[in-house]
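> Please see the structure below; I have some questions.
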Amino acid sequence: MAPQADTDPEGVRARIEALPGAAEVRAAASETAVDAFFVGGSVRDALLGRGRADLDVLVVGDHLALARALGGETVVHDRFATATVAGPHGSIDLARARAESYPSPGALPEVRPAGLAEDLARRDFTINAMAVPVTQPGELIDPHGGRADLRSGLLRVLHDGSFSDDPTRALRAARYAARLGFEIDDRTLELLRAADLATVSADRVAAELARIAGERELRGALELVRDWELIALDPELPALAAAAAGLVSVEPWADLTDRSAIVVDATLGTALAQARALAAEPPESPWHAVAAARGRSPVVLVLARVLGAEWLDTYLTQWSRVRLEITGEDLLAEGVEQGPAVGRGLSAALRAKLEGTTRGRADELRVALEGARGPEMLL
Ligand code: CTP
């Protein structure tokens with residue numbers, strides 16, 4: 001049975017229709033006569049009175065017909081029967097209403113076309129499982145009590161299998177709870193703590209972490225990931241990752257890397273351990289700084305900086321930019337054999353330049369030749 005439309009004292013329809021692109025969706029849905037609904041985050045955020053950059057539209061039937069009628073640049077994802085239309089109206093996510101079944105926990109679902117009720121029932125949280133018809137009369141369709149949960153500030157799953165079907169929803173819960181300041185319903189919390197992210201591909205986990213990285217409440221979201229033990233995190237990681245994410249918006253660190261790389265590499269990789277090691281040993285000289293920092297990933301450098309390695313500011317703005325006037329070719333031309341001797345020579349010249357003991361090309365070449373012919377340099 002189709003879910004019943006609810007009355008809507010908060011005027012959710014009016015708020016959605018005020019969003020960029022909503023009028024175009026309405027016109028395109030009338031033109032193509034498809035059965036379309038605003039859903040998911042669009043409805044949730046409209047009820048909350050939060051602004052939103054993209055619209056989520058569900059089509060019971062041919063979503064691509066609606067995409068064509070909207071015009072704009074369309075990217076079609078066949079696997080889940082979804083499409084994104086980008087145009088002057090902003091970004092609109094279109095999906096064909098579907099039911100999902102999970103062949104095994106954590107695997108991507110198998111999907112088949114379905115009606116609105118089934119589509120809402122396959123979703124992650126009640127607050128994301130509401131719809132507003134695009135053209136038909138009627139206001140909020142809320143079969144799972146999403147509006148009541150929004151009012152109480154609660155995240156609640158629709159059924160007990162939600163996190164075993166898709167454990168990435170546990171990371172989504174951390175993201176929404178931190179963003180909205182919501183509590184987790186007791187039963188949902190119990191289920192969430194049992195979510196096993198090991199059943200999910202690393203790419204999908206990384207994609208959810210990247211979305212966490214985009215949140216203003218990044219630190220709070222990562223604290224939940226840590227406290228719920230979804231991923232084994234260094235206790236300090238949430239604070240460090242948040243500080244690092246802040247650092248890459250100010251000079252001289254701006255744009256060295258991005259927030260997603262920081263969160264993903266610190267959470268799933270070895271970046272934090274490397275950064276701790278780097279920050280633990282302040283270099284004795286510019287040359288030692290270059291030797292320790294060069295070749296490190298930007299994420300390691302940013303994390304080491306927030307761990308207190310202030311010398312990295314000078315490394316970034318000065319020492320790392322020091323370039324020799326000579327190259328390996330010059331050493332080969334002087335008869336140095338191709339191989340480690342060339343690197344040894346160039347390192348010796350760079351060290352001398354950083355220490356201020358060479359001036360000009362000829363000087364560099366002299367030091368480089370001595371270095372190339374001498375024993376391996378010990379730091
Ligand atoms: N969804 C889900 N399970 C997932 C991912 C998404 O049920 N693992 C559903 C939710 O109903 C969600 C909708 O698909 O509302 C769209 O997903 P997404 O674009 O990731 O989220 P938004 O609701 O748009 O939220 P956000 O504000 O974070 O973009």
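Quick note on naming: the chains in the structure tokens go A, B, ... in the order shown, residues restart at 1 in each chain, and ligands are numbered from 1 in order of appearance.
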Would you kindly return, as a PyMOL selection string, each protein, DNA or RNA residue with an atom no farther than 8 Å from any atom of Met130 of chain A, considering only C-alpha atoms and excluding same-chain residues fewer than 2 positions away?
chain A and resi 39-40+43-44+120+126-128+132+140-144+146
> Could you take the residues named above and write them with all heavy atoms, as a CSV table (one decimal), in the first residue's frame?

chain,number,residue,atom,x,y,z
A,39,VAL,N,13.0,13.8,-2.1
A,39,VAL,CA,13.3,12.8,-1.1
A,39,VAL,C,14.6,13.1,-0.3
A,39,VAL,O,15.3,14.1,-0.6
A,39,VAL,CB,13.4,11.4,-1.7
A,39,VAL,CG1,12.1,10.8,-2.1
A,39,VAL,CG2,14.5,11.4,-2.8
A,40,GLY,N,14.9,12.2,0.6
A,40,GLY,CA,16.2,12.2,1.3
A,40,GLY,C,16.5,13.5,1.9
A,40,GLY,O,15.7,14.1,2.6
A,43,VAL,N,14.4,16.8,1.7
A,43,VAL,CA,13.2,16.9,2.6
A,43,VAL,C,13.7,17.1,4.1
A,43,VAL,O,13.2,18.0,4.8
A,43,VAL,CB,12.3,15.6,2.5
A,43,VAL,CG1,11.2,15.7,3.5
A,43,VAL,CG2,11.8,15.4,1.1
A,44,ARG,N,14.6,16.3,4.5
A,44,ARG,CA,15.2,16.4,5.8
A,44,ARG,C,15.6,17.9,6.1
A,44,ARG,O,15.3,18.5,7.1
A,44,ARG,CB,16.4,15.4,6.0
A,44,ARG,CG,17.1,15.5,7.3
A,44,ARG,CD,18.4,14.8,7.2
A,44,ARG,NE,19.3,15.6,6.4
A,44,ARG,CZ,20.2,15.1,5.5
A,44,ARG,NH1,20.2,13.8,5.2
A,44,ARG,NH2,21.0,15.9,4.9
A,120,LEU,N,11.4,4.1,0.0
A,120,LEU,CA,11.6,4.7,1.3
A,120,LEU,C,12.1,3.7,2.4
A,120,LEU,O,12.9,4.0,3.2
A,120,LEU,CB,10.4,5.5,1.8
A,120,LEU,CG,10.0,6.7,0.9
A,120,LEU,CD1,8.7,7.3,1.4
A,120,LEU,CD2,11.1,7.7,0.8
A,126,THR,N,15.4,7.1,9.6
A,126,THR,CA,14.0,7.6,9.4
A,126,THR,C,14.0,9.0,8.9
A,126,THR,O,13.2,9.4,8.0
A,126,THR,CB,13.2,7.5,10.7
A,126,THR,OG1,13.9,8.4,11.7
A,126,THR,CG2,13.1,6.1,11.2
A,127,ILE,N,15.0,9.8,9.3
A,127,ILE,CA,15.0,11.2,8.9
A,127,ILE,C,15.3,11.4,7.5
A,127,ILE,O,15.2,12.5,6.9
A,127,ILE,CB,15.9,12.1,9.8
A,127,ILE,CG1,17.4,11.6,9.7
A,127,ILE,CG2,15.5,12.1,11.3
A,127,ILE,CD1,18.4,12.6,10.2
A,128,ASN,N,15.8,10.3,6.8
A,128,ASN,CA,16.2,10.4,5.4
A,128,ASN,C,15.1,9.6,4.6
A,128,ASN,O,15.3,9.4,3.4
A,128,ASN,CB,17.5,9.7,5.1
A,128,ASN,CG,18.7,10.6,5.6
A,128,ASN,OD1,18.5,11.8,5.7
A,128,ASN,ND2,19.8,10.0,5.7
A,132,VAL,N,8.2,14.2,-0.6
A,132,VAL,CA,7.2,15.2,-0.9
A,132,VAL,C,6.9,15.1,-2.4
A,132,VAL,O,7.9,15.2,-3.2
A,132,VAL,CB,7.7,16.7,-0.5
A,132,VAL,CG1,6.8,17.7,-1.0
A,132,VAL,CG2,7.9,16.8,1.0
A,140,LEU,N,3.8,16.1,3.2
A,140,LEU,CA,4.9,15.2,3.6
A,140,LEU,C,4.4,13.7,3.6
A,140,LEU,O,3.4,13.4,4.2
A,140,LEU,CB,5.4,15.6,4.9
A,140,LEU,CG,6.6,14.9,5.4
A,140,LEU,CD1,7.8,15.3,4.6
A,140,LEU,CD2,6.9,15.2,6.9
A,141,ILE,N,5.2,12.9,3.0
A,141,ILE,CA,5.0,11.4,3.1
A,141,ILE,C,6.0,10.9,4.0
A,141,ILE,O,7.2,11.0,3.8
A,141,ILE,CB,5.1,10.7,1.7
A,141,ILE,CG1,4.0,11.3,0.8
A,141,ILE,CG2,5.0,9.2,1.8
A,141,ILE,CD1,4.2,11.0,-0.7
A,142,ASP,N,5.6,10.3,5.2
A,142,ASP,CA,6.5,10.0,6.2
A,142,ASP,C,6.1,8.7,6.9
A,142,ASP,O,5.7,8.7,8.1
A,142,ASP,CB,6.5,11.2,7.2
A,142,ASP,CG,7.4,11.0,8.4
A,142,ASP,OD1,8.3,10.1,8.4
A,142,ASP,OD2,7.2,11.7,9.5
A,143,PRO,N,6.3,7.6,6.2
A,143,PRO,CA,5.8,6.3,6.7
A,143,PRO,C,6.6,5.8,7.9
A,143,PRO,O,6.1,4.9,8.6
A,143,PRO,CB,5.9,5.4,5.5
A,143,PRO,CG,6.9,6.0,4.6
A,143,PRO,CD,6.9,7.5,4.9
A,144,HIS,N,7.8,6.3,8.2
A,144,HIS,CA,8.6,5.7,9.2
A,144,HIS,C,8.9,6.7,10.4
A,144,HIS,O,9.7,6.4,11.3
A,144,HIS,CB,10.0,5.3,8.6
A,144,HIS,CG,9.8,4.4,7.5
A,144,HIS,ND1,9.5,3.0,7.7
A,144,HIS,CD2,9.9,4.6,6.1
A,144,HIS,CE1,9.3,2.5,6.5
A,144,HIS,NE2,9.6,3.4,5.5
A,146,GLY,N,9.9,9.9,10.5
A,146,GLY,CA,11.1,10.7,10.3
A,146,GLY,C,10.9,12.1,10.9
A,146,GLY,O,11.8,12.6,11.6
> Show me, as a tab-separated table, the residues of chain A having an atom within 7 Å of ligand 1, each with the closest atom pair and its distance in Å, using only C-alpha atoms and all ligand atoms.

residue	atom	partner	partner_atom_place_in_ligand_line	distance
A:Gly40	CA	ligand 1	15 (O)	3.5
A:Gly41	CA	ligand 1	23 (O)	3.4
A:Ser42	CA	ligand 1	24 (O)	6.8
A:Asp56	CA	ligand 1	24 (O)	6.7
A:Arg122	CA	ligand 1	7 (O)	6.2
A:Arg123	CA	ligand 1	7 (O)	3.2
A:Asp124	CA	ligand 1	7 (O)	3.6
A:Phe125	CA	ligand 1	11 (O)	6.7
A:Asn128	CA	ligand 1	15 (O)	4.3
A:Ala129	CA	ligand 1	11 (O)	5.4
A:Asp166	CA	ligand 1	8 (N)	6.1
A:Thr168	CA	ligand 1	8 (N)	6.0
A:Arg169	CA	ligand 1	8 (N)	5.1
> Given the selection you just returned, output its residues as a file containing N, CA, C and O atoms, formatted as a PDB file, in the first residue's frame.

ATOM      1  N   GLY A  40      14.850  12.210   0.635  1.00  0.00           N
ATOM      2  CA  GLY A  40      16.156  12.168   1.300  1.00  0.00           C
ATOM      3  C   GLY A  40      16.549  13.483   1.945  1.00  0.00           C
ATOM      4  O   GLY A  40      15.747  14.147   2.616  1.00  0.00           O
ATOM      5  N   GLY A  41      17.805  13.863   1.682  1.00  0.00           N
ATOM      6  CA  GLY A  41      18.359  15.051   2.330  1.00  0.00           C
ATOM      7  C   GLY A  41      17.593  16.323   2.017  1.00  0.00           C
ATOM      8  O   GLY A  41      17.519  17.229   2.853  1.00  0.00           O
ATOM      9  N   SER A  42      16.983  16.401   0.833  1.00  0.00           N
ATOM     10  CA  SER A  42      16.236  17.622   0.487  1.00  0.00           C
ATOM     11  C   SER A  42      15.081  17.841   1.453  1.00  0.00           C
ATOM     12  O   SER A  42      14.832  18.962   1.902  1.00  0.00           O
ATOM     13  N   ASP A  56      17.468  16.125  -4.200  1.00  0.00           N
ATOM     14  CA  ASP A  56      17.349  14.688  -4.440  1.00  0.00           C
ATOM     15  C   ASP A  56      15.930  14.422  -4.914  1.00  0.00           C
ATOM     16  O   ASP A  56      14.966  14.775  -4.231  1.00  0.00           O
ATOM     17  N   ARG A 122      13.920   1.119   2.094  1.00  0.00           N
ATOM     18  CA  ARG A 122      15.285   0.574   1.964  1.00  0.00           C
ATOM     19  C   ARG A 122      16.323   1.543   2.512  1.00  0.00           C
ATOM     20  O   ARG A 122      17.508   1.277   2.471  1.00  0.00           O
ATOM     21  N   ARG A 123      15.895   2.681   3.012  1.00  0.00           N
ATOM     22  CA  ARG A 123      16.848   3.761   3.342  1.00  0.00           C
ATOM     23  C   ARG A 123      17.474   3.610   4.725  1.00  0.00           C
ATOM     24  O   ARG A 123      17.066   2.787   5.518  1.00  0.00           O
ATOM     25  N   ASP A 124      18.467   4.478   4.958  1.00  0.00           N
ATOM     26  CA  ASP A 124      19.281   4.317   6.168  1.00  0.00           C
ATOM     27  C   ASP A 124      18.584   4.743   7.460  1.00  0.00           C
ATOM     28  O   ASP A 124      18.471   3.961   8.402  1.00  0.00           O
ATOM     29  N   PHE A 125      18.124   5.977   7.530  1.00  0.00           N
ATOM     30  CA  PHE A 125      17.560   6.481   8.792  1.00  0.00           C
ATOM     31  C   PHE A 125      16.176   7.070   8.534  1.00  0.00           C
ATOM     32  O   PHE A 125      15.895   7.550   7.421  1.00  0.00           O
ATOM     33  N   ASN A 128      15.843  10.314   6.829  1.00  0.00           N
ATOM     34  CA  ASN A 128      16.164  10.359   5.397  1.00  0.00           C
ATOM     35  C   ASN A 128      15.123   9.617   4.567  1.00  0.00           C
ATOM     36  O   ASN A 128      15.328   9.421   3.371  1.00  0.00           O
ATOM     37  N   ALA A 129      14.055   9.164   5.207  1.00  0.00           N
ATOM     38  CA  ALA A 129      13.095   8.297   4.508  1.00  0.00           C
ATOM     39  C   ALA A 129      11.743   8.991   4.357  1.00  0.00           C
ATOM     40  O   ALA A 129      10.695   8.381   4.557  1.00  0.00           O
ATOM     41  N   ASP A 166      24.521  -2.709   5.181  1.00  0.00           N
ATOM     42  CA  ASP A 166      25.435  -1.669   4.711  1.00  0.00           C
ATOM     43  C   ASP A 166      26.121  -0.994   5.901  1.00  0.00           C
ATOM     44  O   ASP A 166      25.642   0.013   6.428  1.00  0.00           O
ATOM     45  N   THR A 168      28.534   0.899   6.075  1.00  0.00           N
ATOM     46  CA  THR A 168      28.969   2.297   5.921  1.00  0.00           C
ATOM     47  C   THR A 168      27.935   3.246   6.526  1.00  0.00           C
ATOM     48  O   THR A 168      28.224   4.404   6.791  1.00  0.00           O
ATOM     49  N   ARG A 169      26.743   2.744   6.753  1.00  0.00           N
ATOM     50  CA  ARG A 169      25.722   3.586   7.398  1.00  0.00           C
ATOM     51  C   ARG A 169      26.143   3.988   8.811  1.00  0.00           C
ATOM     52  O   ARG A 169      25.680   5.005   9.332  1.00  0.00           O
TER      53      ARG A 169
END
> Please build the interface table for segment 236-272 of chain A against segment 289-302 of chain A with a cut-off of 6 Å, listing for each qualifying residue the nearest atom pair and the distance in Å to one decimal; count only C-alpha atoms, order rows by chain and increasing number, and write it as a tab-separated table.

residue	atom	partner	partner_atom	distance
A:Ala244	CA	A:Val302	CA	5.9
A:Ile262	CA	A:Val299	CA	5.5
A:Ala271	CA	A:Val300	CA	5.1
> Run DSSP on the backbone and give me the residues of segment 109-197 of chain A it puts in strand (DSSP E or B), as number ranges by chain.
A: 110-113, 125, 131-133, 141, 154-155, 157, 183-184
> Which one is closest to Pro133 of chain A: A:Arg26, A:Arg351, A:Arg361, A:Arg373? Count only C-alpha atoms.
A:Arg26
> Nearest to Arg219 of chain A among A:Ala177, A:Ile184, A:Ala232, A:Val111, with distances taken over only C-alpha atoms: which residue is it?
A:Ala177
> Using only C-alpha atoms for the distances, tell me which of A:Gly214, A:Pro340, A:Pro282, A:Pro137 is nearest to Ala304 of chain A.
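For Ala304 of chain A, the nearest of the candidates is A:Pro282.
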> I need the helix (DSSP H, G or I) residues of segment 286-330 of chain A per DSSP on the backbone, written as a ChimeraX atom specification.
/A:286-293,298-306,311-317,319-321,328-330
> How would the residues just chosen look if you wrote them out with C-alpha atoms as a PDB file, in the first residue's frame?

ATOM      1  CA  PRO A 286      68.153  23.097   7.316  1.00  0.00           C
ATOM      2  CA  TRP A 287      69.879  20.223   5.584  1.00  0.00           C
ATOM      3  CA  HIS A 288      68.680  17.763   8.218  1.00  0.00           C
ATOM      4  CA  ALA A 289      65.198  19.220   7.843  1.00  0.00           C
ATOM      5  CA  VAL A 290      65.244  18.638   4.104  1.00  0.00           C
ATOM      6  CA  ALA A 291      66.625  15.142   4.506  1.00  0.00           C
ATOM      7  CA  ALA A 292      63.865  14.276   7.000  1.00  0.00           C
ATOM      8  CA  ALA A 293      60.948  15.897   5.211  1.00  0.00           C
ATOM      9  CA  PRO A 298      51.800  16.315   2.203  1.00  0.00           C
ATOM     10  CA  VAL A 299      49.424  14.683   4.688  1.00  0.00           C
ATOM     11  CA  VAL A 300      52.365  13.552   6.837  1.00  0.00           C
ATOM     12  CA  LEU A 301      53.830  17.074   6.762  1.00  0.00           C
ATOM     13  CA  VAL A 302      50.553  18.732   7.723  1.00  0.00           C
ATOM     14  CA  LEU A 303      49.977  16.298  10.580  1.00  0.00           C
ATOM     15  CA  ALA A 304      53.545  16.730  11.816  1.00  0.00           C
ATOM     16  CA  ARG A 305      53.030  20.495  11.796  1.00  0.00           C
ATOM     17  CA  VAL A 306      49.940  20.237  13.977  1.00  0.00           C
ATOM     18  CA  TRP A 311      60.231  24.133  11.565  1.00  0.00           C
ATOM     19  CA  LEU A 312      58.096  22.717   8.785  1.00  0.00           C
ATOM     20  CA  ASP A 313      56.858  26.240   8.035  1.00  0.00           C
ATOM     21  CA  THR A 314      60.394  27.248   7.066  1.00  0.00           C
ATOM     22  CA  TYR A 315      60.942  23.955   5.312  1.00  0.00           C
ATOM     23  CA  LEU A 316      57.878  24.600   3.192  1.00  0.00           C
ATOM     24  CA  THR A 317      58.527  28.238   2.373  1.00  0.00           C
ATOM     25  CA  TRP A 319      64.366  25.071   2.437  1.00  0.00           C
ATOM     26  CA  SER A 320      62.272  22.818   0.249  1.00  0.00           C
ATOM     27  CA  ARG A 321      62.552  25.411  -2.529  1.00  0.00           C
ATOM     28  CA  GLY A 328      73.075  14.971 -12.571  1.00  0.00           C
ATOM     29  CA  GLU A 329      73.983  15.548 -16.213  1.00  0.00           C
ATOM     30  CA  ASP A 330      76.764  17.865 -15.144  1.00  0.00           C
TER      31      ASP A 330
END
> Which of these residues is nearest to His63 of chain A, using only C-alpha atoms: A:Pro113, A:Pro252, A:Gly181, A:Gly356?
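Ranking A:Pro113, A:Pro252, A:Gly181, A:Gly356 by distance to His63 of chain A, first place goes to A:Pro113.
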